[in-house]
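Colleague: Take a look at this one; I'll ask things after.
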Amino acid sequence: MSYVIAAESPSRNTGHIKIHTAEDFEGMRVAGRLAAECLDMLVPHVVPGVTTNYLDKLNYEFTLDHRSLPACINYRGYTKSICTSINHVVCHGIPSNRTLKEGDIVNIDVTLIHEGWHGDTSRMFPVGNVKRRAERLIDITHESMIRGIAAVRPGATTGDIGAEIQTYAEARGCSVVTDFCGHGLGRVFHDAPNIVHYGRHGDGYELREGMFFTIEPMINLGKSSVKILNDGWTAVTKDRTLSAQFEHAVGVTADGVEVFTISPAGLHKPPYSQI
Ligand code: MF3
Ligand code: CO
Ligand code: CO
């Protein structure tokens, strides 16, 4: 794997890992904060009876109102500005006229582009009161992501991130989805390297200061197998057990990690105190 200077590289996935400058960090900080603010804005709207199309519309308007563009619209033919993945949907659920029901758990994944930089983040939202096992899955998934993030520093490897996530989730009887992964990002939405959420310490690619990528583990209560529905996007667990996901965009700093997508309102994970 080779490492190249982002500002001197094409704005597409060339298969090389891009290394970013202090100025690039500032761009990601602004884009990441906006994406996180968008999720904060959605919190009071995720209630029984609301359609996922309505949440999509709120995101679309928020994004344009903040001098940004939704990265998902027209991305490989995707037609909406967010993904809404409910219950056994693992990722890439397409907003529709379906209404959320009491007891559902839904992942909302926002990606916006601000001044060329991608802010990509997702959180789980419980709809009203949810079952204890759903709450537990959400907690395990969030903590696995946090442990993955804590492994990030120069000299560590992508395998260190995956090992932390997999060990934590599997010790609690859950499984890690292996069909989808985190990704480099910056001026490019999905860039090198892939950040898989399983693996062994020391495997994979070396992390270097200036790398930007997402960590976005999908964790299932049942088995890890996934299938894609006929719409070509919606990924579901084959055994129809619940799946959860959180996502942060991060940068590798001289001595560790900076998380670009921290919630300004402190709404990191449920329960979200209603504002
Ligand atoms: N935001 C998702 C990710 O974390 C990608 C969604 S692509 C879409 O990488 F086209 F489905 F929106
Ligand atoms: Co992502
Ligand atoms: Co995302």
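Residue names in the structure tokens use chain letters A, B, ... in the order shown, residue numbers from 1 in each chain, and ligand numbers from 1 in the order shown.
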What do you get as an NGL selection string if you pick all residues at most 8 Å from ligand 3, counting only C-alpha atoms and all ligand atoms?

Modeller: :A and (83 or 109-111 or 120-122 or 216 or 247)

Colleague: Can you list, as number ranges by chain, all residues belonging to range 15-202 of chain A that DSSP tags as alpha helix (DSSP H)?

Modeller: A: 22-42, 52-65, 132-150, 158-171

Colleague: Find the residues around Ile161 in chain A up to 9 Å (only C-alpha atoms counted), leave out those fewer than 4 positions away in its own chain, and share them as a list in words.

Modeller: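 In the requested format, the answer is Met145, Arg147, Gly148, Ile149, Ala150, Ala151, Val152, Ala156, Thr157, Ile165, Gln166, Ile195, Val196, His197, Tyr198, Gly199, Arg200, His201 and Ile215 of chain A.
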
Colleague: May I have the residues within 7 Å of range 33-49 of chain A as an mmCIF file with C-alpha atoms, in the first residue's frame, using only C-alpha atoms and disregarding those fewer than 6 positions away in the same chain?

Modeller:
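What landed in part.cif:
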data_model
loop_
_atom_site.group_PDB
_atom_site.id
_atom_site.type_symbol
_atom_site.label_atom_id
_atom_site.label_comp_id
_atom_site.auth_asym_id
_atom_site.auth_seq_id
_atom_site.Cartn_x
_atom_site.Cartn_y
_atom_site.Cartn_z
ATOM 1 C CA ASN A 59 -31.997 16.200 6.290
ATOM 2 C CA PHE A 62 -30.867 21.154 6.735
ATOM 3 C CA THR A 99 -43.957 4.956 9.189
ATOM 4 C CA LEU A 100 -41.812 4.223 12.204
ATOM 5 C CA LYS A 101 -43.519 2.079 14.842
ATOM 6 C CA GLU A 102 -43.124 2.091 18.631
ATOM 7 C CA VAL A 110 -26.054 11.214 7.015
ATOM 8 C CA THR A 111 -23.334 12.188 4.568
ATOM 9 C CA LEU A 112 -22.966 15.780 3.439
ATOM 10 C CA GLY A 119 -19.004 14.542 6.794
ATOM 11 C CA ASP A 120 -20.256 10.947 7.235
ATOM 12 C CA THR A 121 -21.860 9.781 10.483
ATOM 13 C CA VAL A 127 -38.617 4.743 18.415
ATOM 14 C CA GLY A 128 -40.512 5.174 21.699
ATOM 15 C CA PHE A 260 -14.773 14.897 13.382
ATOM 16 C CA THR A 261 -18.411 13.921 13.950
ATOM 17 C CA ILE A 262 -18.928 14.389 17.695
ATOM 18 C CA SER A 263 -22.467 15.508 18.569
ATOM 19 C CA PRO A 264 -22.367 19.213 19.527
ATOM 20 C CA ALA A 265 -25.499 18.583 21.652
ATOM 21 C CA LEU A 267 -26.405 13.151 21.885
ATOM 22 C CA GLN A 274 -35.318 15.353 24.443
#

Colleague: Using the chain letters and numbers from this document, which residues of range 181-251 of chain A does DSSP assign to strand (DSSP E or B), as a VMD selection string?

Modeller: chain A and resid 182 to 184 191 to 195 206 212 to 215 218 to 220 226 to 228 235 to 237 243 to 245 247 to 251

Colleague: Please identify the residues whose atoms come within 9 Å of ligand 1, using only C-alpha atoms and all ligand atoms, and report them as a count of residues only.

Modeller: 36

Colleague: Please identify all polymer residues within 7 Å of range 136-142 of chain A, counting only C-alpha atoms, omitting same-chain residues fewer than 6 positions from it, and present them as a PyMOL selection string.

Modeller: chain A and resi 124+169+219+221+244-246

Colleague: Quote the spacing between CA of Cys174 in chain A and CA of Lys223 in chain A in Å to one decimal place.

Modeller: 7.7 Å

Colleague: Mind pulling up the distance from CA of Ser68 in chain A to CA of Val250 in chain A?

Modeller: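 Here the two named atoms are 19.5 Å from each other.
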
Colleague: Would you mind telling me which residue in A:Ser273, A:Thr178, A:Ser243, A:Asn194 lies nearest to ligand 2 when using only C-alpha atoms and all ligand atoms?

Modeller: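 Counting only C-alpha atoms and all ligand atoms, the residue closest to ligand 2 is A:Asn194.
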
Colleague: Identify, on the basis of only C-alpha atoms, every residue whose closest approach to Trp117 in chain A does not exceed 7 Å; exclude the query and any residue fewer than 6 positions from it along the same chain; express the result as a PDB file with N, CA, C and O atoms, in the first residue's frame.

Modeller:
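Generated output (around-v3.pdb):
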ATOM      1  N   GLY A  27     -11.076  21.570   7.354  1.00  0.00           N
ATOM      2  CA  GLY A  27     -12.202  21.309   6.452  1.00  0.00           C
ATOM      3  C   GLY A  27     -13.076  20.166   6.956  1.00  0.00           C
ATOM      4  O   GLY A  27     -14.315  20.259   6.945  1.00  0.00           O
ATOM      5  N   MET A  28     -12.443  19.088   7.419  1.00  0.00           N
ATOM      6  CA  MET A  28     -13.193  17.928   7.922  1.00  0.00           C
ATOM      7  C   MET A  28     -13.917  18.230   9.228  1.00  0.00           C
ATOM      8  O   MET A  28     -14.995  17.696   9.491  1.00  0.00           O
ATOM      9  N   ALA A  31     -17.173  20.034   8.195  1.00  0.00           N
ATOM     10  CA  ALA A  31     -18.116  19.105   7.554  1.00  0.00           C
ATOM     11  C   ALA A  31     -18.632  18.067   8.553  1.00  0.00           C
ATOM     12  O   ALA A  31     -19.826  17.753   8.585  1.00  0.00           O
ATOM     13  N   GLY A 186     -12.681  12.111   2.641  1.00  0.00           N
ATOM     14  CA  GLY A 186     -12.062  13.423   2.647  1.00  0.00           C
ATOM     15  C   GLY A 186     -12.741  14.206   1.539  1.00  0.00           C
ATOM     16  O   GLY A 186     -13.944  14.441   1.593  1.00  0.00           O
ATOM     17  N   ARG A 187     -12.004  14.560   0.497  1.00  0.00           N
ATOM     18  CA  ARG A 187     -12.658  15.114  -0.697  1.00  0.00           C
ATOM     19  C   ARG A 187     -13.361  14.006  -1.478  1.00  0.00           C
ATOM     20  O   ARG A 187     -14.189  14.285  -2.342  1.00  0.00           O
TER      21      ARG A 187
END

Colleague: Which residue gives the smallest distance to ligand 2 among A:Asp65, A:Asp255, A:Glu206, A:Asp191, with only C-alpha atoms and all ligand atoms counted?

Modeller: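 Closest candidate: A:Asp191.
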